[in-house]
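Structure data follow from data-v7.txt (compact mmCIF, C-alpha atoms):
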```txt
# COMPACT_ATOMS: atom_id res chain seq x y z
CA MET K 65 21.83 11.78 -1.63
CA SER K 66 21.05 14.95 0.31
CA ILE K 67 17.41 15.42 1.39
CA LYS K 68 16.82 19.17 1.50
CA LYS K 69 13.95 20.21 3.73
CA GLU K 70 12.53 22.63 1.17
CA SER K 71 12.31 19.81 -1.41
CA LEU K 72 9.92 17.89 0.84
CA TRP K 73 7.22 20.55 0.86
CA LYS K 74 5.99 19.41 -2.57
CA ILE K 75 5.36 15.79 -1.51
CA PRO K 76 1.64 15.12 -2.17
CA LEU K 77 -0.25 13.40 0.65
CA SER K 78 -2.97 10.77 0.34
CA PHE K 79 -5.04 8.54 2.62
CA ALA K 80 -6.51 5.10 1.88
CA SER K 81 -10.30 5.11 2.27
CA VAL K 82 -10.19 1.62 3.81
CA SER K 83 -7.92 2.87 6.62
CA VAL K 84 -10.54 4.78 8.59
CA GLY K 85 -13.75 3.25 9.90
CA THR K 86 -15.16 0.15 8.21
CA PRO K 87 -16.77 -0.45 4.79
CA ASP K 88 -20.13 -0.12 6.57
CA ASP K 89 -19.40 3.47 7.62
CA PRO K 90 -20.77 6.06 5.18
CA LEU K 91 -18.15 6.82 2.55
CA GLU K 92 -19.21 10.47 2.57
CA GLU K 93 -18.15 10.75 6.23
CA LYS K 94 -14.83 9.07 5.54
CA LEU K 95 -14.09 11.43 2.66
CA LYS K 96 -14.95 14.51 4.74
CA ALA K 97 -12.66 13.34 7.56
CA ILE K 98 -9.81 12.72 5.11
CA SER K 99 -10.28 16.07 3.40
CA SER K 100 -10.62 18.07 6.63
CA ALA K 101 -7.30 16.62 7.82
CA GLY K 102 -5.60 18.19 4.80
CA PHE K 103 -4.99 15.19 2.54
CA GLN K 104 -5.09 15.92 -1.18
CA ALA K 105 -6.31 12.56 -2.46
CA ILE K 106 -7.44 9.06 -1.55
CA GLU K 107 -6.59 5.54 -2.45
CA LEU K 108 -10.08 4.27 -3.20
CA GLY K 109 -10.53 0.85 -1.64
CA PHE K 110 -12.68 -1.55 -3.65
CA PRO K 111 -14.57 -2.69 -0.49
CA ASP K 112 -15.60 0.93 0.11
CA LEU K 113 -16.76 1.33 -3.48
CA GLN K 114 -18.77 -1.90 -3.32
CA SER K 115 -20.40 -0.87 -0.04
CA PHE K 116 -21.20 2.60 -1.41
CA ALA K 117 -22.61 1.04 -4.60
CA SER K 118 -24.94 -1.21 -2.59
CA LYS K 119 -26.33 1.80 -0.72
CA PHE K 120 -26.47 3.94 -3.86
CA HIS K 121 -28.42 1.30 -5.82
CA LYS K 122 -30.39 0.14 -2.76
CA LYS K 123 -29.48 -3.49 -3.37
CA GLU K 124 -26.48 -5.72 -2.79
CA ILE K 125 -23.93 -5.17 -5.52
CA LYS K 126 -21.60 -8.08 -6.36
CA VAL K 127 -17.88 -7.66 -6.97
CA ASP K 128 -18.28 -8.37 -10.70
CA ASP K 129 -21.30 -6.13 -11.34
CA TYR K 130 -19.12 -3.60 -13.09
CA GLU K 131 -22.00 -1.62 -14.62
CA SER K 132 -23.41 -0.84 -11.16
CA LEU K 133 -19.96 -0.27 -9.68
CA CYS K 134 -19.13 2.19 -12.45
CA SER K 135 -22.30 4.25 -12.05
CA ALA K 136 -21.67 4.38 -8.29
CA GLY K 137 -18.04 5.20 -9.01
CA GLU K 138 -19.07 8.25 -11.02
CA GLU K 139 -20.93 9.46 -7.94
CA VAL K 140 -17.88 8.86 -5.75
CA LYS K 141 -15.84 10.95 -8.17
CA LYS K 142 -18.34 13.82 -7.78
CA LEU K 143 -18.27 13.53 -3.98
CA CYS K 144 -14.49 13.77 -4.01
CA GLN K 145 -14.44 16.69 -6.43
CA LYS K 146 -16.93 18.58 -4.26
CA ILE K 147 -14.53 18.55 -1.30
CA GLY K 148 -11.30 18.91 -3.25
CA LEU K 149 -10.04 15.31 -3.11
CA GLY K 150 -8.45 13.47 -6.00
CA ILE K 151 -8.62 9.70 -6.43
CA MET K 152 -4.94 8.80 -6.68
CA MET K 153 -5.34 5.02 -7.04
CA LEU K 154 -7.77 2.11 -7.01
CA GLN K 155 -6.78 -0.75 -4.70
CA PRO K 156 -6.17 -3.60 -3.87
CA PHE K 157 -6.06 -5.76 -6.99
CA SER K 158 -4.80 -9.08 -5.65
CA ASN K 159 -3.85 -12.61 -6.74
CA PHE K 160 -3.54 -11.61 -10.37
CA GLU K 161 -0.21 -12.94 -11.63
CA GLY K 162 1.27 -16.41 -11.87
CA TRP K 163 -1.71 -18.70 -12.59
CA PRO K 164 -1.19 -21.65 -14.95
CA ALA K 165 -1.81 -20.96 -18.64
CA GLU K 166 -5.41 -21.57 -19.74
CA SER K 167 -6.54 -22.10 -16.13
CA LYS K 168 -9.90 -20.84 -14.87
CA GLU K 169 -8.05 -18.71 -12.32
CA ARG K 170 -6.03 -16.94 -15.00
CA GLU K 171 -9.13 -16.34 -17.07
CA ASP K 172 -10.86 -14.88 -14.01
CA ALA K 173 -7.85 -12.67 -13.21
CA PHE K 174 -7.90 -11.04 -16.64
CA SER K 175 -11.69 -10.72 -16.56
CA ARG K 176 -11.38 -8.88 -13.24
CA ALA K 177 -8.65 -6.67 -14.68
CA LYS K 178 -10.90 -5.55 -17.54
CA GLY K 179 -13.70 -4.81 -15.08
CA TRP K 180 -11.42 -2.81 -12.80
CA ILE K 181 -10.20 -0.77 -15.76
CA LYS K 182 -13.81 0.26 -16.38
CA VAL K 183 -14.09 1.26 -12.73
CA MET K 184 -10.88 3.31 -13.02
CA GLN K 185 -12.41 5.20 -15.94
CA ALA K 186 -15.57 5.85 -13.95
CA VAL K 187 -13.89 7.17 -10.80
CA GLY K 188 -11.24 9.15 -12.69
CA THR K 189 -8.03 7.57 -11.49
CA ASP K 190 -5.04 6.59 -13.59
CA MET K 191 -3.33 4.11 -11.25
CA LEU K 192 -4.08 0.51 -10.27
CA GLN K 193 -2.37 -1.07 -7.28
CA VAL K 194 -1.46 -4.73 -7.73
CA GLY K 195 -0.25 -6.58 -4.64
CA SER K 196 2.26 -9.41 -5.11
CA SER K 197 0.21 -12.61 -5.09
CA ASP K 198 -0.09 -14.58 -1.86
CA THR K 199 -1.86 -17.59 -3.30
CA PRO K 200 0.20 -20.79 -2.86
CA ASN K 201 -0.60 -22.29 -6.26
CA ILE K 202 1.28 -19.96 -8.59
CA THR K 203 4.49 -20.24 -10.55
CA THR K 204 7.72 -19.16 -8.87
CA SER K 205 9.18 -17.97 -12.18
CA HIS K 206 9.85 -14.23 -12.23
CA ASP K 207 9.71 -14.38 -16.02
CA SER K 208 6.18 -15.81 -15.96
CA LEU K 209 5.01 -13.31 -13.35
CA ALA K 210 6.48 -10.49 -15.43
CA SER K 211 4.74 -11.81 -18.54
CA ASP K 212 1.32 -11.58 -16.85
CA LEU K 213 2.02 -8.09 -15.53
CA ARG K 214 3.27 -7.01 -18.98
CA GLU K 215 -0.03 -8.14 -20.45
CA LEU K 216 -1.88 -6.13 -17.80
CA CYS K 217 0.26 -3.07 -18.55
CA ASP K 218 -0.70 -3.39 -22.19
CA LEU K 219 -4.39 -3.45 -21.24
CA LEU K 220 -3.89 -0.29 -19.16
CA ALA K 221 -1.76 1.59 -21.68
CA PRO K 222 -4.48 2.67 -24.18
CA HIS K 223 -6.15 4.53 -21.31
CA ASN K 224 -2.88 6.12 -20.11
CA PHE K 225 -3.23 4.09 -16.91
CA ARG K 226 -0.34 2.92 -14.74
CA LEU K 227 0.28 -0.18 -12.64
CA ALA K 228 1.77 0.20 -9.14
CA TYR K 229 3.23 -3.15 -8.07
CA GLU K 230 3.56 -3.68 -4.31
CA ASN K 231 5.45 -6.31 -2.35
CA TRP K 232 3.23 -7.83 0.32
CA CYS K 233 5.56 -9.20 2.98
CA TRP K 234 3.63 -12.50 3.18
CA ALA K 235 3.54 -12.99 -0.61
CA THR K 236 4.35 -16.35 -2.17
CA VAL K 237 7.12 -15.26 -4.53
CA ALA K 238 7.73 -11.51 -4.14
CA PRO K 239 7.62 -10.49 -0.45
CA LYS K 240 10.49 -7.94 -0.59
CA TRP K 241 11.01 -4.69 -2.44
CA ALA K 242 13.96 -6.26 -4.30
CA ASP K 243 11.68 -9.05 -5.58
CA VAL K 244 9.05 -6.72 -7.06
CA TRP K 245 11.75 -4.44 -8.47
CA SER K 246 13.33 -7.42 -10.23
CA ILE K 247 9.95 -8.34 -11.72
CA VAL K 248 9.16 -4.74 -12.74
CA GLN K 249 12.45 -4.57 -14.62
CA LYS K 250 11.56 -7.77 -16.49
CA VAL K 251 8.12 -6.36 -17.37
CA ASN K 252 9.94 -3.53 -19.17
CA ARG K 253 6.96 -1.27 -19.75
CA PRO K 254 6.85 2.49 -19.16
CA ASN K 255 3.54 2.32 -17.28
CA ILE K 256 4.64 0.04 -14.43
CA GLY K 257 6.32 1.21 -11.24
CA LEU K 258 6.46 0.45 -7.55
CA CYS K 259 4.10 0.93 -4.66
CA LEU K 260 6.54 0.77 -1.76
CA ASP K 261 5.35 0.50 1.84
CA THR K 262 7.07 1.17 5.16
CA PHE K 263 5.24 -1.71 6.87
CA GLN K 264 5.84 -4.22 4.11
CA THR K 265 9.58 -3.59 4.15
CA ALA K 266 10.19 -3.12 7.89
CA GLY K 267 7.69 -5.87 8.71
CA GLY K 268 9.22 -8.27 6.22
CA GLU K 269 12.94 -7.59 6.62
CA TYR K 270 13.23 -6.53 10.27
CA ALA K 271 10.23 -7.74 12.25
CA ASP K 272 8.43 -11.04 12.82
CA PRO K 273 5.02 -11.36 14.52
CA THR K 274 5.69 -15.01 15.46
CA THR K 275 8.50 -14.24 17.94
CA GLU K 276 8.44 -12.94 21.52
CA SER K 277 10.64 -10.00 20.61
CA GLY K 278 8.60 -9.12 17.53
CA LEU K 279 11.85 -9.15 15.54
CA ILE K 280 13.44 -11.64 13.16
CA GLU K 281 15.45 -13.93 15.43
CA ASP K 282 17.02 -16.44 13.04
CA ARG K 283 19.68 -14.13 11.61
CA GLY K 284 21.97 -13.71 14.58
CA MET K 285 22.37 -10.73 16.85
CA LEU K 286 20.30 -7.54 16.68
CA GLN K 287 23.38 -5.77 15.38
CA LYS K 288 23.42 -8.07 12.33
CA LEU K 289 19.69 -7.52 11.79
CA ASP K 290 20.32 -3.76 11.79
CA MET K 291 23.19 -4.18 9.34
CA ASN K 292 21.11 -6.31 6.97
CA TYR K 293 18.23 -3.84 7.03
CA THR K 294 20.52 -0.86 6.49
CA GLU K 295 22.18 -2.60 3.55
CA SER K 296 18.80 -3.40 1.98
CA LEU K 297 17.73 0.25 2.18
CA ARG K 298 21.08 1.40 0.82
CA ASN K 299 20.54 -0.90 -2.17
CA LEU K 300 17.03 0.48 -2.68
CA THR K 301 18.37 4.03 -2.87
CA ALA K 302 21.14 3.02 -5.25
CA GLN K 303 19.13 0.77 -7.59
CA ILE K 304 15.65 2.25 -8.14
CA PRO K 305 15.22 5.28 -10.42
CA PRO K 306 13.00 7.91 -8.77
CA GLY K 307 10.49 7.85 -11.61
CA LYS K 308 9.79 4.17 -10.98
CA ILE K 309 8.51 4.81 -7.44
CA TYR K 310 4.87 5.82 -7.82
CA LEU K 311 4.05 6.05 -4.12
CA LEU K 312 5.16 5.19 -0.62
CA GLN K 313 2.48 3.86 1.71
CA ILE K 314 2.93 4.80 5.35
CA SER K 315 2.13 2.58 8.33
CA ASP K 316 3.92 1.20 11.38
CA ALA K 317 3.36 -2.01 13.34
CA CYS K 318 2.26 -3.11 16.81
CA LYS K 319 3.18 -6.41 18.38
CA PRO K 320 0.26 -8.84 18.67
CA PRO K 321 -0.82 -9.58 22.27
CA ALA K 322 0.90 -12.96 21.87
CA PRO K 323 3.20 -14.26 19.12
CA LEU K 324 1.23 -15.48 16.12
CA ASP K 325 1.22 -19.12 15.11
CA PRO K 326 3.81 -19.55 12.32
CA ALA K 327 1.44 -21.86 10.45
CA PRO K 328 -1.09 -20.41 7.99
CA GLY K 329 -4.56 -19.74 9.42
CA GLU K 330 -7.70 -21.69 8.57
CA ASP K 331 -8.18 -19.52 5.49
CA GLY K 332 -4.57 -20.06 4.43
CA THR K 333 -3.38 -16.58 5.40
CA ARG K 334 0.25 -16.51 6.50
CA PRO K 335 1.14 -14.90 9.86
CA ARG K 336 2.44 -11.64 8.40
CA GLY K 337 -0.83 -11.35 6.45
CA ARG K 338 -2.86 -11.76 9.65
CA TRP K 339 -0.59 -9.27 11.40
CA SER K 340 -1.04 -6.75 8.58
CA HIS K 341 -4.81 -6.91 8.90
CA ASP K 342 -5.11 -5.54 12.47
CA PHE K 343 -1.77 -4.32 13.83
CA ARG K 344 -0.77 -1.45 11.53
CA PRO K 345 -1.15 1.95 13.21
CA TYR K 346 0.32 5.12 11.86
CA PRO K 347 3.90 5.89 12.98
CA TYR K 348 4.51 7.39 16.44
CA LYS K 349 1.18 6.08 17.74
CA GLU K 350 1.27 4.43 21.15
CA GLY K 351 2.35 0.80 20.78
CA ALA K 352 4.02 1.30 17.37
CA TYR K 353 7.48 -0.27 17.54
CA LEU K 354 9.01 -0.01 14.06
CA THR K 355 8.90 3.77 13.73
CA LYS K 356 12.66 4.16 13.31
CA GLN K 357 12.74 1.48 10.60
CA CYS K 358 9.77 3.15 8.86
CA VAL K 359 11.50 6.53 8.89
CA ASP K 360 14.66 4.90 7.53
CA MET K 361 12.58 3.37 4.73
CA ALA K 362 11.12 6.77 3.86
CA LYS K 363 14.63 8.27 3.84
CA ALA K 364 15.77 5.53 1.44
CA VAL K 365 12.93 6.36 -0.95
CA LEU K 366 13.59 10.10 -0.75
CA GLY K 367 17.30 9.40 -1.19
CA THR K 368 16.59 8.19 -4.74
CA GLY K 369 15.40 11.70 -5.55
CA SER K 370 11.75 10.63 -5.61
CA ARG K 371 9.14 13.02 -4.24
CA CYS K 372 6.28 10.60 -4.87
CA TRP K 373 2.95 10.40 -3.11
CA PHE K 374 3.13 9.61 0.61
CA SER K 375 -0.08 7.75 1.34
CA VAL K 376 -1.34 6.59 4.73
CA GLU K 377 -2.57 3.00 4.60
CA VAL K 378 -3.15 1.72 8.12
CA PHE K 379 -5.21 -1.08 9.65
CA ASP K 380 -5.54 -0.20 13.32
CA GLY K 381 -7.67 -2.91 14.90
CA LYS K 382 -7.32 -1.38 18.37
CA TRP K 383 -8.75 1.95 17.21
CA LEU K 384 -11.71 0.16 15.60
CA GLN K 385 -12.29 -1.99 18.67
CA ASP K 386 -12.02 0.79 21.25
CA LYS K 387 -13.60 3.52 19.06
CA GLN K 388 -10.92 5.93 20.28
CA GLY K 389 -12.17 9.27 19.00
CA SER K 390 -13.84 10.29 15.78
CA MET K 391 -12.80 9.63 12.19
CA ASP K 392 -11.88 13.33 12.02
CA ASP K 393 -9.49 12.95 14.95
CA PHE K 394 -8.00 9.76 13.51
CA CYS K 395 -7.27 11.35 10.13
CA LYS K 396 -5.80 14.46 11.74
CA GLY K 397 -3.57 12.24 13.87
CA ALA K 398 -2.42 10.47 10.73
CA MET K 399 -1.64 13.78 9.05
CA GLY K 400 0.44 14.86 12.05
CA SER K 401 2.29 11.55 11.90
CA VAL K 402 3.18 11.90 8.21
CA LYS K 403 4.32 15.49 8.65
CA ARG K 404 6.53 14.48 11.57
CA MET K 405 8.00 11.62 9.52
CA ILE K 406 8.78 13.94 6.61
CA GLU K 407 10.44 16.42 9.01
CA GLU K 408 12.63 13.64 10.40
CA CYS K 409 13.69 12.61 6.90
CA ALA K 410 15.19 16.00 6.11
CA ASP K 411 18.89 16.73 6.45
CA PRO K 412 19.74 18.21 9.86
CA GLU K 413 19.72 22.01 9.96
CA PRO K 414 23.26 23.41 10.03
CA LEU K 415 24.31 24.89 13.34
CA PRO K 416 24.42 28.70 13.31
CA HIS K 417 27.90 30.22 13.27
CA GLU K 418 28.96 31.61 16.59
```
Rewrite the structure from the file as structure tokens, please.
Amino acid sequence: MSIKKESLWKIPLSFASVSVGTPDDPLEEKLKAISSAGFQAIELGFPDLQSFASKFHKKEIKVDDYESLCSAGEEVKKLCQKIGLGIMMLQPFSNFEGWPAESKEREDAFSRAKGWIKVMQAVGTDMLQVGSSDTPNITTSHDSLASDLRELCDLLAPHNFRLAYENWCWATVAPKWADVWSIVQKVNRPNIGLCLDTFQTAGGEYADPTTESGLIEDRGMLQKLDMNYTESLRNLTAQIPPGKIYLLQISDACKPPAPLDPAPGEDGTRPRGRWSHDFRPYPYKEGAYLTKQCVDMAKAVLGTGSRCWFSVEVFDGKWLQDKQGSMDDFCKGAMGSVKRMIEECADPEPLPHE
């Protein structure tokens, strides 16, 4: 499908609150930096809300103290409104689907869901991001996963809330876009769609943090890797209706200083999960090495006809460690990166006639 440059001007731009500074940094400063860079909305990260709530109530607020989180959330909504920011989504709701029936874990997952819905009402957002579960003790049945997500959709529906399901490239059952799309189709509810992500797809289907090259090395030559990735993106464009893509998260990847151990870490996190935590700059930043694959992913999404939210979600451990510039500078750099990516996605300008 053609990607006309003028059609890209209406793409709304967002920034994840957890992607600049740390949860200990004042949320007010984060919001001002995001707004001054020109973003229209935020993904509100639960760690930021919890940290803000603890300062707002002058005591430590626990993750399940939904009454305190909601009253703090109402204040966050006001702060955003004051500087012209919307709250596009609440994130990240994790390890929800796939627990055994009648288990304590499943009971806890649905209890959390009901609490998060209250928080969504308080902050004024209509979308909940659910990441594909990375816990090892869940069912591998797509039908069972879909059943849990269907039940969550039905909890969200009376509030006109939507569920954005994201493939995390280290997930137990659904690490690829095709996996979450298969599950979303089985859910068969109007209020579920996809949260796609340039890092999750390029990092899962093209790159590998456990190898010297930083690329997947068990699938033959680089040419074959390119062919496989291109075919995957072609399928994405052909198979997913534009209305089922709620947003595209934008981030690139850096190689770790040394290849990561392929075994899970002490806390059970798989290598791609550890990689995601610290080595995800915005595209075109020094050290980013999957920029072409990220641009190709964005083109595949736009090729469906979608003009969904483009939302920066980065985890740049080097920036945090080195304190390279202010939060204002970081957010403005991210805005420049997204604009450049969008420009590169457009069809080439026709050559003028001689």
Could you pull out every residue with an atom within 10 Å of (10.4, 3.1, 13.8), file coordinates, counting all atoms listed in the file, and send them as a PyMOL selection string?
chain K and resi 262-263+266+315-317+347-348+352-361+405
Which residues are close to Cys259 of chain K, i.e. within 8 Å by all atoms listed in the file, leaving aside same-chain residues fewer than 5 positions away? Reply as a PyMOL selection string.
chain K and resi 193+228-231+309-313
Go ahead and write the residues just picked, C-alpha atoms, as a compact mmCIF listing (two decimals), in the frame of the given file.
```txt
# COMPACT_ATOMS: atom_id res chain seq x y z
CA GLN K 193 -2.37 -1.07 -7.28
CA ALA K 228 1.77 0.20 -9.14
CA TYR K 229 3.23 -3.15 -8.07
CA GLU K 230 3.56 -3.68 -4.31
CA ASN K 231 5.45 -6.31 -2.35
CA ILE K 309 8.51 4.81 -7.44
CA TYR K 310 4.87 5.82 -7.82
CA LEU K 311 4.05 6.05 -4.12
CA LEU K 312 5.16 5.19 -0.62
CA GLN K 313 2.48 3.86 1.71
```
Residues at most 10 Å from Ser135 of chain K, counting all atoms listed in the file, excluding those fewer than 2 positions away in the same chain, as a list in words?
Ala117, Phe120, His121, Tyr130, Glu131, Ser132, Leu133, Gly137, Glu138, Glu139, Val140, Val183, Ala186 and Val187 of chain K
So the first atom is atom CA of Lys94 of chain K and the second is atom CA of Asp392 of chain K; what is the distance between them in Å, to one decimal place?
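Result for atom CA of Lys94 of chain K versus atom CA of Asp392 of chain K: 8.3 Å, one decimal.
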Of the candidates K:Trp245, K:Asp380, K:Glu276, K:Gly85, which shows the shortest atom-to-atom distance to Gly351 of chain K, using all atoms listed in the file?
K:Asp380
Please determine the residues with any atom at most 6 Å from (-0.7, -14.5, -0.6) (coordinates as given in the file, with all atoms listed in the file counting) and report them as a list of chain:residue names.
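Answer for this query, in the requested form: K:Ser197, K:Asp198, K:Thr199, K:Ala235, K:Thr236.
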Which one is closest to Arg338 of chain K: K:Leu324, K:Leu227, K:Ala177, K:Ile67? Count only C-alpha atoms.
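Among K:Leu324, K:Leu227, K:Ala177, K:Ile67, it is K:Leu324 that comes nearest to Arg338 of chain K.
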Report, in Å to a single decimal, how far apart atom CA of Arg298 of chain K and atom CA of Met152 of chain K are.
28.1 Å
Residues within 12 Å of Met391 of chain K, please, as a list in words. Count all atoms listed in the file; anything in the same chain fewer than 6 positions from it doesn't count.
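Final neighbour list, sorted by chain and number: Ser81, Val82, Ser83, Val84, Gly85, Thr86, Asp89, Pro90, Leu91, Glu92, Glu93, Lys94, Leu95, Lys96, Ala97, Ile98, Ser99, Ser100, Ala101, Trp383, Leu384, Gly397 and Ala398 of chain K.
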Please identify all polymer residues within 10 Å of segment 372-374 of chain K, counting only C-alpha atoms, omitting same-chain residues fewer than 3 positions from it, and present them as a PDB file with C-alpha atoms, keeping the file's coordinate frame.
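So the final result, stored in part_18.pdb, reads:
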```pdb
ATOM      1  CA  LEU K  72       9.920  17.890   0.840  1.00  0.00           C
ATOM      2  CA  LYS K  74       5.990  19.410  -2.570  1.00  0.00           C
ATOM      3  CA  ILE K  75       5.360  15.790  -1.510  1.00  0.00           C
ATOM      4  CA  PRO K  76       1.640  15.120  -2.170  1.00  0.00           C
ATOM      5  CA  LEU K  77      -0.250  13.400   0.650  1.00  0.00           C
ATOM      6  CA  SER K  78      -2.970  10.770   0.340  1.00  0.00           C
ATOM      7  CA  PHE K  79      -5.040   8.540   2.620  1.00  0.00           C
ATOM      8  CA  GLN K 104      -5.090  15.920  -1.180  1.00  0.00           C
ATOM      9  CA  ALA K 105      -6.310  12.560  -2.460  1.00  0.00           C
ATOM     10  CA  MET K 152      -4.940   8.800  -6.680  1.00  0.00           C
ATOM     11  CA  CYS K 259       4.100   0.930  -4.660  1.00  0.00           C
ATOM     12  CA  LEU K 260       6.540   0.770  -1.760  1.00  0.00           C
ATOM     13  CA  ASP K 261       5.350   0.500   1.840  1.00  0.00           C
ATOM     14  CA  PRO K 306      13.000   7.910  -8.770  1.00  0.00           C
ATOM     15  CA  GLY K 307      10.490   7.850 -11.610  1.00  0.00           C
ATOM     16  CA  LYS K 308       9.790   4.170 -10.980  1.00  0.00           C
ATOM     17  CA  ILE K 309       8.510   4.810  -7.440  1.00  0.00           C
ATOM     18  CA  TYR K 310       4.870   5.820  -7.820  1.00  0.00           C
ATOM     19  CA  LEU K 311       4.050   6.050  -4.120  1.00  0.00           C
ATOM     20  CA  LEU K 312       5.160   5.190  -0.620  1.00  0.00           C
ATOM     21  CA  GLN K 313       2.480   3.860   1.710  1.00  0.00           C
ATOM     22  CA  ILE K 314       2.930   4.800   5.350  1.00  0.00           C
ATOM     23  CA  ALA K 362      11.120   6.770   3.860  1.00  0.00           C
ATOM     24  CA  VAL K 365      12.930   6.360  -0.950  1.00  0.00           C
ATOM     25  CA  LEU K 366      13.590  10.100  -0.750  1.00  0.00           C
ATOM     26  CA  GLY K 369      15.400  11.700  -5.550  1.00  0.00           C
ATOM     27  CA  GLU K 377      -2.570   3.000   4.600  1.00  0.00           C
ATOM     28  CA  VAL K 402       3.180  11.900   8.210  1.00  0.00           C
ATOM     29  CA  ILE K 406       8.780  13.940   6.610  1.00  0.00           C
TER      30      ILE K 406
END
```
So the first atom is atom CA of Pro321 of chain K and the second is atom CA of Gly268 of chain K; what is the distance between them in Å, to one decimal place?
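We find that atom CA of Pro321 of chain K and atom CA of Gly268 of chain K lie 19.0 Å from each other.
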Counting only C-alpha atoms, figure out which residue out of K:Thr274, K:Thr368, K:Thr189, K:Ser340 gets nearest to Leu297 of chain K.
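Answer, going by the shortest atom-to-atom distance: K:Thr368.
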Shortest interatomic distance to Ser66 of chain K - which of K:Gly389, K:Pro412, K:Gly367, K:Pro273, counting all atoms listed in the file
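Among K:Gly389, K:Pro412, K:Gly367, K:Pro273, it is K:Gly367 that comes nearest to Ser66 of chain K.
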Best match for closeness to Leu149 of chain K among K:Asp112, K:Asp128, K:Glu107, K:Trp180, counting only C-alpha atoms
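Checking each of K:Asp112, K:Asp128, K:Glu107, K:Trp180 against Leu149 of chain K, counting only C-alpha atoms, the winner is K:Glu107.
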